[in-house]
Amino acid sequence: MKNKIQSFMVSWHEITSRFDMVLSPIGSALKTVFVFILTCLIWYDFDLTGFSSGYLSKTFLILALVTIGVNLFLQTKNHVVLILETYADINFWKIIGTLIVFFPLMLLGGQREMVHWMIPVFSTAALLIWVKRSKIRTLRIQRPIAMNYYQMWQQIRPKWPDVAVPSEATIPMLDKLDSILISGAGTPVGQKLLGMMVSHPPKKLVLIDSSEANIAMMQAWVKRFMPKSQVVFALSSNLATADLKSLFKTYAIKYVFDLDRCYTFSHLAGAQKNFLLRNLTFPRLLLDQAVASKIKFVITLSAIPLYEDEALETAQSVLECYAQRLDSEKTRVVVLRHRAPADGLEIIPNLMSHFWGYDKSNLLLSPTPDVAKTILTMITQFQENSVHFGAVWALTHVYEFKKVTLQRDIQPSDSFEDIAIKISALIKGLKPKIQDSDNLFPTSQAGAAIVADCPIVETDFNQCFQDVESLVEGCPEQGQKKKA
């Protein structure tokens, strides 16, 4: 019975979404008029006999028409609406716009008889509370545990979210980021890293990604926020050794950020090629060309699997050893072990399994802002003190998901976009914890630590890469795990 109701709600949502342009304003009008009538009844003790039926019907009709008009205007998505959306949710502006238009009309039309002027104000406040009910429901009153009144006030005082842009002085930025290459510029870490460079945009920028959609998004973003930078975009699957060599030589690349990784190995048919390209083939090609071009710094990620996956662990171990061997005074190759970003699209199915209770194991994810800030901090520290050659680093700050639920927030009729927004809102409210391990030696508060169990091995890396490719190709393609 429950499945039938859910399927009916989903099908009904699909039908109504086709006519959302017409049904949404009508639904908003009915809801606004209902709240207005309910407020009038409460205000006058459920007795409206003091007003004529003609006045009440005209007032309710005008309110409904004003609500429909405001909703239709805000659905046009012109430049005024786009500006309003940057400051508040569009539902907020629909309610406020209805009050701004209806209030003077009510005063002008109420020369002989008129309801109290506070009624539309109270009804508007009730609608706003109803729209923001999910955020109000998640409020928690902190229990004060203090020795004096000042400490008690510091604990119970309202802590409003920081909506202002953080000062650039708190973000470690290099002075001479003239030419940069970012592989995985469309990933969450790549986007955050580029956002930190807006105040001091590089002169030359090479952005590479494995997804065409990410490249199209980055083209619009760079055009808007870095108009003076000389930018070139490329798809990693289309780049060969000669193409990379030309890019390094033409744009005089000095810093390379290799951020494009898979954190789960898909066993579907055709997934091996994409996995090898993102986690093995292209990173090795990028490392070879960076060392051959004698650039200053290379930051390369080493993906920690979400779950036990021998193929992914083997591939990353070989890449770690290979990057360690290339680290030298001429070209610093910094290996950074990195968990899957908490706001990555490929993580949403795993988070949903936790939210619905299907997976009760601990899930450790990395906070994207801290990762991007740590990368820039490490480069700054290495420039001041060149130590730890051939070391592997790990991020100690993680988000731990254990028995996390979205209480009544996710509905069967929600789209994937709505679910992603709700999950992102939950992630932003979590605080990262420091990962404890016997093999980590913390070096700073930025979240990085040296991993002690990664010796540099002497081996034939060409044969190692071929063995990993054979291992991946031999993995099952039926969606089941199998140890190779």
# chains A, B, ... in the order shown; residues from 1 in each chain; ligands from 1
>>> residues_around(residues="stretch 425-440 of chain A", least_positions_apart="4", cutoff="9 Å", atoms="only C-alpha atoms", output="PyMOL selection string")
chain A and resi 342-343+366-367+393-400+406+420-421+447+449-453
>>> write_last_selection(atoms="C-alpha atoms", output="PDB file, in the first residue's frame")
ATOM      1  CA  ALA A 342      31.094  15.915   0.509  1.00  0.00           C
ATOM      2  CA  ASP A 343      29.363  18.048  -2.149  1.00  0.00           C
ATOM      3  CA  SER A 366      36.278  15.683   2.950  1.00  0.00           C
ATOM      4  CA  PRO A 367      35.105  19.308   3.352  1.00  0.00           C
ATOM      5  CA  TRP A 393      50.362  13.805   2.690  1.00  0.00           C
ATOM      6  CA  ALA A 394      46.827  13.185   3.934  1.00  0.00           C
ATOM      7  CA  LEU A 395      43.937  15.443   4.937  1.00  0.00           C
ATOM      8  CA  THR A 396      42.947  14.887   8.558  1.00  0.00           C
ATOM      9  CA  HIS A 397      39.746  16.993   8.521  1.00  0.00           C
ATOM     10  CA  VAL A 398      36.764  14.886   7.450  1.00  0.00           C
ATOM     11  CA  TYR A 399      32.971  14.819   7.685  1.00  0.00           C
ATOM     12  CA  GLU A 400      31.733  11.669   9.400  1.00  0.00           C
ATOM     13  CA  LEU A 406      16.841  14.122   6.985  1.00  0.00           C
ATOM     14  CA  ALA A 420      20.822  17.571  -3.801  1.00  0.00           C
ATOM     15  CA  ILE A 421      19.980  21.031  -2.428  1.00  0.00           C
ATOM     16  CA  GLY A 447      44.267  19.646   7.934  1.00  0.00           C
ATOM     17  CA  ALA A 449      49.658  15.479   7.844  1.00  0.00           C
ATOM     18  CA  ILE A 450      52.558  13.315   6.670  1.00  0.00           C
ATOM     19  CA  VAL A 451      51.816   9.658   6.039  1.00  0.00           C
ATOM     20  CA  ALA A 452      54.640   7.519   7.381  1.00  0.00           C
ATOM     21  CA  ASP A 453      53.837   4.172   5.772  1.00  0.00           C
TER      22      ASP A 453
END
>>> residues_around(residues="stretch 42-59 of chain A", least_positions_apart="2", cutoff="12 Å", atoms="only C-alpha atoms", output="PyMOL selection string")
chain A and resi 33+35-40+61-66+102-103+105-120+122-123
>>> write_last_selection(atoms="C-alpha atoms", output="short mmCIF file (atom, residue, chain, number, x, y, z; two decimals), in the first residue's frame")
data_model
loop_
_atom_site.label_atom_id
_atom_site.label_comp_id
_atom_site.auth_asym_id
_atom_site.auth_seq_id
_atom_site.Cartn_x
_atom_site.Cartn_y
_atom_site.Cartn_z
CA VAL A 33 -6.58 33.87 0.20
CA VAL A 35 -4.56 32.37 5.12
CA PHE A 36 -6.05 35.87 4.74
CA ILE A 37 -9.59 34.60 5.46
CA LEU A 38 -8.35 32.59 8.44
CA THR A 39 -6.56 35.67 9.84
CA CYS A 40 -9.74 37.76 9.44
CA LEU A 61 -10.85 38.40 -5.57
CA ILE A 62 -8.40 41.32 -5.77
CA LEU A 63 -5.99 39.49 -3.43
CA ALA A 64 -6.15 36.36 -5.61
CA LEU A 65 -5.57 38.35 -8.82
CA VAL A 66 -2.64 40.25 -7.26
CA PHE A 102 -2.24 44.52 -2.32
CA PHE A 103 -1.80 46.74 0.76
CA LEU A 105 -5.17 48.71 -3.06
CA MET A 106 -6.88 47.61 0.15
CA LEU A 107 -6.46 51.09 1.67
CA LEU A 108 -7.77 52.84 -1.45
CA GLY A 109 -10.77 50.52 -1.77
CA GLY A 110 -11.74 50.65 1.89
CA GLN A 111 -13.24 54.12 2.08
CA ARG A 112 -16.63 52.95 3.48
CA GLU A 113 -15.63 49.69 5.12
CA MET A 114 -12.26 48.00 5.51
CA VAL A 115 -10.74 45.18 7.52
CA HIS A 116 -8.00 46.12 9.96
CA TRP A 117 -4.74 47.10 8.28
CA MET A 118 -2.76 44.62 10.43
CA ILE A 119 -4.58 41.60 8.94
CA PRO A 120 -2.57 41.45 5.65
CA PHE A 122 -0.15 39.03 9.97
CA SER A 123 -1.23 36.82 7.07
#
>>> closest_residue(among="A:His388, A:His354, A:Lys94, A:Arg261", to="A:Val70", atoms="only C-alpha atoms")
A:Lys94
>>> atom_distance(atom1="atom CA of A:Asn350", atom2="atom CA of A:Met9")
24.2 Å
>>> closest_residue(among="A:Val298, A:Glu310, A:Phe401, A:Asp178", to="A:Ser353", atoms="only C-alpha atoms")
A:Phe401
>>> select_by_dssp(residues="stretch 245-334 of chain A", states="strand (DSSP E)", output="list in words")
Tyr255, Val256, Phe257, Asp258, Phe297, Val298, Ile299, Thr300, Leu301, Ser302, Ala303, Arg332, Val333 and Val334 of chain A
>>> closest_residue(among="A:Arg278, A:Lys273, A:Lys132, A:Lys4", to="A:Gly184", atoms="only C-alpha atoms")
A:Arg278
>>> residues_around(residues="stretch 185-192 of chain A", least_positions_apart="4", cutoff="7 Å", atoms="only C-alpha atoms", output="PyMOL selection string")
chain A and resi 196+207-209+214-215+218+259-260+341+343-344+368-369+371-372
>>> residues_around(residues="A:Ser328", least_positions_apart="5", cutoff="9 Å", atoms="only C-alpha atoms", output="mmCIF file with N, CA and C atoms, in the first residue's frame")
data_model
loop_
_atom_site.group_PDB
_atom_site.id
_atom_site.type_symbol
_atom_site.label_atom_id
_atom_site.label_comp_id
_atom_site.auth_asym_id
_atom_site.auth_seq_id
_atom_site.Cartn_x
_atom_site.Cartn_y
_atom_site.Cartn_z
ATOM 1 N N VAL A 333 56.767 17.640 -6.389
ATOM 2 C CA VAL A 333 55.571 16.840 -6.643
ATOM 3 C C VAL A 333 54.985 16.450 -5.294
ATOM 4 N N PHE A 389 60.879 15.688 1.220
ATOM 5 C CA PHE A 389 60.894 15.249 -0.167
ATOM 6 C C PHE A 389 60.422 13.797 -0.249
ATOM 7 N N GLY A 390 59.612 13.509 -1.246
ATOM 8 C CA GLY A 390 59.132 12.153 -1.443
ATOM 9 C C GLY A 390 58.104 11.700 -0.432
#
>>> closest_residue(among="A:Ala240, A:Gln324, A:Gln272, A:Ser444", to="A:Leu285", atoms="only C-alpha atoms")
A:Ala240
>>> select_by_dssp(residues="stretch 168-363 of chain A", states="helix (DSSP H, G or I)", output="ChimeraX atom specification")
/A:168-170,188-196,212-225,236-238,241-251,271-292,310-326,345-355
>>> closest_residue(among="A:Met378, A:Val101, A:Ala242, A:Ile419", to="A:Leu351", atoms="only C-alpha atoms")
A:Ile419
>>> atom_distance(atom1="atom CA of A:Gln289", atom2="atom CA of A:Leu244")
7.0 Å
>>> residues_around(residues="A:Glu320", least_positions_apart="5", cutoff="8 Å", atoms="only C-alpha atoms", output="CSV table (one decimal) with C-alpha atoms, in the first residue's frame")
chain,number,residue,atom,x,y,z
A,302,SER,CA,45.4,10.3,-4.4
A,335,VAL,CA,51.0,13.8,-3.2
A,392,VAL,CA,52.8,11.5,0.9
>>> closest_residue(among="A:Leu326, A:Ser236, A:Leu280, A:Leu319", to="A:Ala292", atoms="only C-alpha atoms")
A:Leu326
>>> decode(residues="stretch 329-373 of chain A", atoms="N, CA and C atoms", output="PDB file, in the first residue's frame")
ATOM      1  N   GLU A 329      64.097  18.800  -6.039  1.00  0.00           N
ATOM      2  CA  GLU A 329      64.237  20.245  -5.803  1.00  0.00           C
ATOM      3  C   GLU A 329      63.826  21.063  -7.020  1.00  0.00           C
ATOM      4  N   LYS A 330      64.024  20.513  -8.217  1.00  0.00           N
ATOM      5  CA  LYS A 330      63.651  21.262  -9.421  1.00  0.00           C
ATOM      6  C   LYS A 330      62.134  21.336  -9.581  1.00  0.00           C
ATOM      7  N   THR A 331      61.463  20.219  -9.349  1.00  0.00           N
ATOM      8  CA  THR A 331      60.002  20.163  -9.466  1.00  0.00           C
ATOM      9  C   THR A 331      59.448  19.458  -8.238  1.00  0.00           C
ATOM     10  N   ARG A 332      58.747  20.219  -7.407  1.00  0.00           N
ATOM     11  CA  ARG A 332      58.134  19.628  -6.217  1.00  0.00           C
ATOM     12  C   ARG A 332      56.836  18.928  -6.613  1.00  0.00           C
ATOM     13  N   VAL A 333      56.767  17.640  -6.389  1.00  0.00           N
ATOM     14  CA  VAL A 333      55.571  16.840  -6.643  1.00  0.00           C
ATOM     15  C   VAL A 333      54.985  16.450  -5.294  1.00  0.00           C
ATOM     16  N   VAL A 334      53.889  17.064  -4.918  1.00  0.00           N
ATOM     17  CA  VAL A 334      53.264  16.853  -3.614  1.00  0.00           C
ATOM     18  C   VAL A 334      52.065  15.931  -3.795  1.00  0.00           C
ATOM     19  N   VAL A 335      52.113  14.773  -3.147  1.00  0.00           N
ATOM     20  CA  VAL A 335      51.020  13.797  -3.204  1.00  0.00           C
ATOM     21  C   VAL A 335      50.110  14.028  -2.007  1.00  0.00           C
ATOM     22  N   LEU A 336      48.832  14.185  -2.257  1.00  0.00           N
ATOM     23  CA  LEU A 336      47.864  14.497  -1.207  1.00  0.00           C
ATOM     24  C   LEU A 336      46.758  13.451  -1.224  1.00  0.00           C
ATOM     25  N   ARG A 337      46.706  12.624  -0.181  1.00  0.00           N
ATOM     26  CA  ARG A 337      45.619  11.666  -0.061  1.00  0.00           C
ATOM     27  C   ARG A 337      44.335  12.400   0.296  1.00  0.00           C
ATOM     28  N   HIS A 338      43.288  12.107  -0.449  1.00  0.00           N
ATOM     29  CA  HIS A 338      42.097  12.946  -0.374  1.00  0.00           C
ATOM     30  C   HIS A 338      40.859  12.064  -0.439  1.00  0.00           C
ATOM     31  N   ARG A 339      39.950  12.269   0.492  1.00  0.00           N
ATOM     32  CA  ARG A 339      38.672  11.555   0.458  1.00  0.00           C
ATOM     33  C   ARG A 339      37.696  12.258  -0.479  1.00  0.00           C
ATOM     34  N   ALA A 340      36.649  11.577  -0.819  1.00  0.00           N
ATOM     35  CA  ALA A 340      35.663  12.131  -1.752  1.00  0.00           C
ATOM     36  C   ALA A 340      35.052  13.403  -1.181  1.00  0.00           C
ATOM     37  N   PRO A 341      34.905  14.462  -1.997  1.00  0.00           N
ATOM     38  CA  PRO A 341      34.306  15.711  -1.490  1.00  0.00           C
ATOM     39  C   PRO A 341      32.848  15.513  -1.113  1.00  0.00           C
ATOM     40  N   ALA A 342      32.442  16.130  -0.017  1.00  0.00           N
ATOM     41  CA  ALA A 342      31.094  15.915   0.509  1.00  0.00           C
ATOM     42  C   ALA A 342      30.014  16.468  -0.411  1.00  0.00           C
ATOM     43  N   ASP A 343      30.359  17.459  -1.256  1.00  0.00           N
ATOM     44  CA  ASP A 343      29.363  18.048  -2.149  1.00  0.00           C
ATOM     45  C   ASP A 343      29.544  17.594  -3.587  1.00  0.00           C
ATOM     46  N   GLY A 344      30.205  16.459  -3.803  1.00  0.00           N
ATOM     47  CA  GLY A 344      30.344  15.933  -5.151  1.00  0.00           C
ATOM     48  C   GLY A 344      29.090  15.197  -5.598  1.00  0.00           C
ATOM     49  N   LEU A 345      28.801  15.248  -6.901  1.00  0.00           N
ATOM     50  CA  LEU A 345      27.579  14.631  -7.411  1.00  0.00           C
ATOM     51  C   LEU A 345      27.606  13.111  -7.273  1.00  0.00           C
ATOM     52  N   GLU A 346      28.783  12.506  -7.410  1.00  0.00           N
ATOM     53  CA  GLU A 346      28.843  11.051  -7.334  1.00  0.00           C
ATOM     54  C   GLU A 346      28.695  10.532  -5.907  1.00  0.00           C
ATOM     55  N   ILE A 347      28.662  11.439  -4.926  1.00  0.00           N
ATOM     56  CA  ILE A 347      28.520  11.027  -3.529  1.00  0.00           C
ATOM     57  C   ILE A 347      27.057  10.976  -3.108  1.00  0.00           C
ATOM     58  N   ILE A 348      26.171  11.640  -3.851  1.00  0.00           N
ATOM     59  CA  ILE A 348      24.772  11.744  -3.447  1.00  0.00           C
ATOM     60  C   ILE A 348      24.107  10.372  -3.289  1.00  0.00           C
ATOM     61  N   PRO A 349      24.302   9.390  -4.203  1.00  0.00           N
ATOM     62  CA  PRO A 349      23.690   8.070  -3.964  1.00  0.00           C
ATOM     63  C   PRO A 349      24.161   7.411  -2.671  1.00  0.00           C
ATOM     64  N   ASN A 350      25.444   7.579  -2.331  1.00  0.00           N
ATOM     65  CA  ASN A 350      25.942   6.998  -1.091  1.00  0.00           C
ATOM     66  C   ASN A 350      25.344   7.696   0.131  1.00  0.00           C
ATOM     67  N   LEU A 351      25.188   9.014   0.050  1.00  0.00           N
ATOM     68  CA  LEU A 351      24.559   9.730   1.160  1.00  0.00           C
ATOM     69  C   LEU A 351      23.090   9.341   1.308  1.00  0.00           C
ATOM     70  N   MET A 352      22.418   9.142   0.165  1.00  0.00           N
ATOM     71  CA  MET A 352      21.010   8.764   0.238  1.00  0.00           C
ATOM     72  C   MET A 352      20.836   7.408   0.913  1.00  0.00           C
ATOM     73  N   SER A 353      21.750   6.465   0.672  1.00  0.00           N
ATOM     74  CA  SER A 353      21.657   5.164   1.328  1.00  0.00           C
ATOM     75  C   SER A 353      21.808   5.294   2.837  1.00  0.00           C
ATOM     76  N   HIS A 354      22.598   6.284   3.296  1.00  0.00           N
ATOM     77  CA  HIS A 354      22.717   6.542   4.734  1.00  0.00           C
ATOM     78  C   HIS A 354      21.454   7.194   5.272  1.00  0.00           C
ATOM     79  N   PHE A 355      20.902   8.147   4.513  1.00  0.00           N
ATOM     80  CA  PHE A 355      19.736   8.879   4.991  1.00  0.00           C
ATOM     81  C   PHE A 355      18.515   7.966   5.125  1.00  0.00           C
ATOM     82  N   TRP A 356      18.387   6.998   4.208  1.00  0.00           N
ATOM     83  CA  TRP A 356      17.233   6.108   4.261  1.00  0.00           C
ATOM     84  C   TRP A 356      17.479   4.894   5.136  1.00  0.00           C
ATOM     85  N   GLY A 357      18.698   4.768   5.691  1.00  0.00           N
ATOM     86  CA  GLY A 357      18.976   3.690   6.634  1.00  0.00           C
ATOM     87  C   GLY A 357      19.426   2.389   6.027  1.00  0.00           C
ATOM     88  N   TYR A 358      19.681   2.368   4.700  1.00  0.00           N
ATOM     89  CA  TYR A 358      20.135   1.123   4.077  1.00  0.00           C
ATOM     90  C   TYR A 358      21.603   0.829   4.397  1.00  0.00           C
ATOM     91  N   ASP A 359      22.385   1.850   4.590  1.00  0.00           N
ATOM     92  CA  ASP A 359      23.805   1.679   4.895  1.00  0.00           C
ATOM     93  C   ASP A 359      24.082   2.364   6.227  1.00  0.00           C
ATOM     94  N   LYS A 360      24.445   1.587   7.236  1.00  0.00           N
ATOM     95  CA  LYS A 360      24.668   2.129   8.576  1.00  0.00           C
ATOM     96  C   LYS A 360      26.145   2.192   8.942  1.00  0.00           C
ATOM     97  N   SER A 361      27.027   1.986   7.970  1.00  0.00           N
ATOM     98  CA  SER A 361      28.454   2.095   8.242  1.00  0.00           C
ATOM     99  C   SER A 361      28.889   3.554   8.221  1.00  0.00           C
ATOM    100  N   ASN A 362      30.046   3.823   8.774  1.00  0.00           N
ATOM    101  CA  ASN A 362      30.573   5.187   8.780  1.00  0.00           C
ATOM    102  C   ASN A 362      31.038   5.577   7.386  1.00  0.00           C
ATOM    103  N   LEU A 363      30.724   6.787   6.995  1.00  0.00           N
ATOM    104  CA  LEU A 363      31.146   7.309   5.701  1.00  0.00           C
ATOM    105  C   LEU A 363      31.938   8.590   5.951  1.00  0.00           C
ATOM    106  N   LEU A 364      33.220   8.594   5.573  1.00  0.00           N
ATOM    107  CA  LEU A 364      34.103   9.738   5.796  1.00  0.00           C
ATOM    108  C   LEU A 364      34.285  10.486   4.485  1.00  0.00           C
ATOM    109  N   LEU A 365      33.941  11.768   4.487  1.00  0.00           N
ATOM    110  CA  LEU A 365      34.080  12.624   3.313  1.00  0.00           C
ATOM    111  C   LEU A 365      34.883  13.861   3.692  1.00  0.00           C
ATOM    112  N   SER A 366      35.419  14.523   2.693  1.00  0.00           N
ATOM    113  CA  SER A 366      36.278  15.683   2.950  1.00  0.00           C
ATOM    114  C   SER A 366      35.506  16.982   2.723  1.00  0.00           C
ATOM    115  N   PRO A 367      35.713  17.986   3.573  1.00  0.00           N
ATOM    116  CA  PRO A 367      35.105  19.308   3.352  1.00  0.00           C
ATOM    117  C   PRO A 367      35.851  20.065   2.258  1.00  0.00           C
ATOM    118  N   THR A 368      35.167  20.395   1.190  1.00  0.00           N
ATOM    119  CA  THR A 368      35.811  21.002   0.018  1.00  0.00           C
ATOM    120  C   THR A 368      36.508  22.327   0.328  1.00  0.00           C
ATOM    121  N   PRO A 369      35.900  23.265   1.072  1.00  0.00           N
ATOM    122  CA  PRO A 369      36.617  24.530   1.353  1.00  0.00           C
ATOM    123  C   PRO A 369      37.943  24.319   2.061  1.00  0.00           C
ATOM    124  N   ASP A 370      37.967  23.378   3.038  1.00  0.00           N
ATOM    125  CA  ASP A 370      39.216  23.129   3.759  1.00  0.00           C
ATOM    126  C   ASP A 370      40.272  22.494   2.853  1.00  0.00           C
ATOM    127  N   VAL A 371      39.833  21.653   1.907  1.00  0.00           N
ATOM    128  CA  VAL A 371      40.786  21.012   1.000  1.00  0.00           C
ATOM    129  C   VAL A 371      41.468  22.056   0.122  1.00  0.00           C
ATOM    130  N   ALA A 372      40.676  22.951  -0.471  1.00  0.00           N
ATOM    131  CA  ALA A 372      41.257  23.974  -1.342  1.00  0.00           C
ATOM    132  C   ALA A 372      42.191  24.901  -0.569  1.00  0.00           C
ATOM    133  N   LYS A 373      41.780  25.265   0.645  1.00  0.00           N
ATOM    134  CA  LYS A 373      42.632  26.140   1.456  1.00  0.00           C
ATOM    135  C   LYS A 373      43.908  25.427   1.876  1.00  0.00           C
TER     136      LYS A 373
END
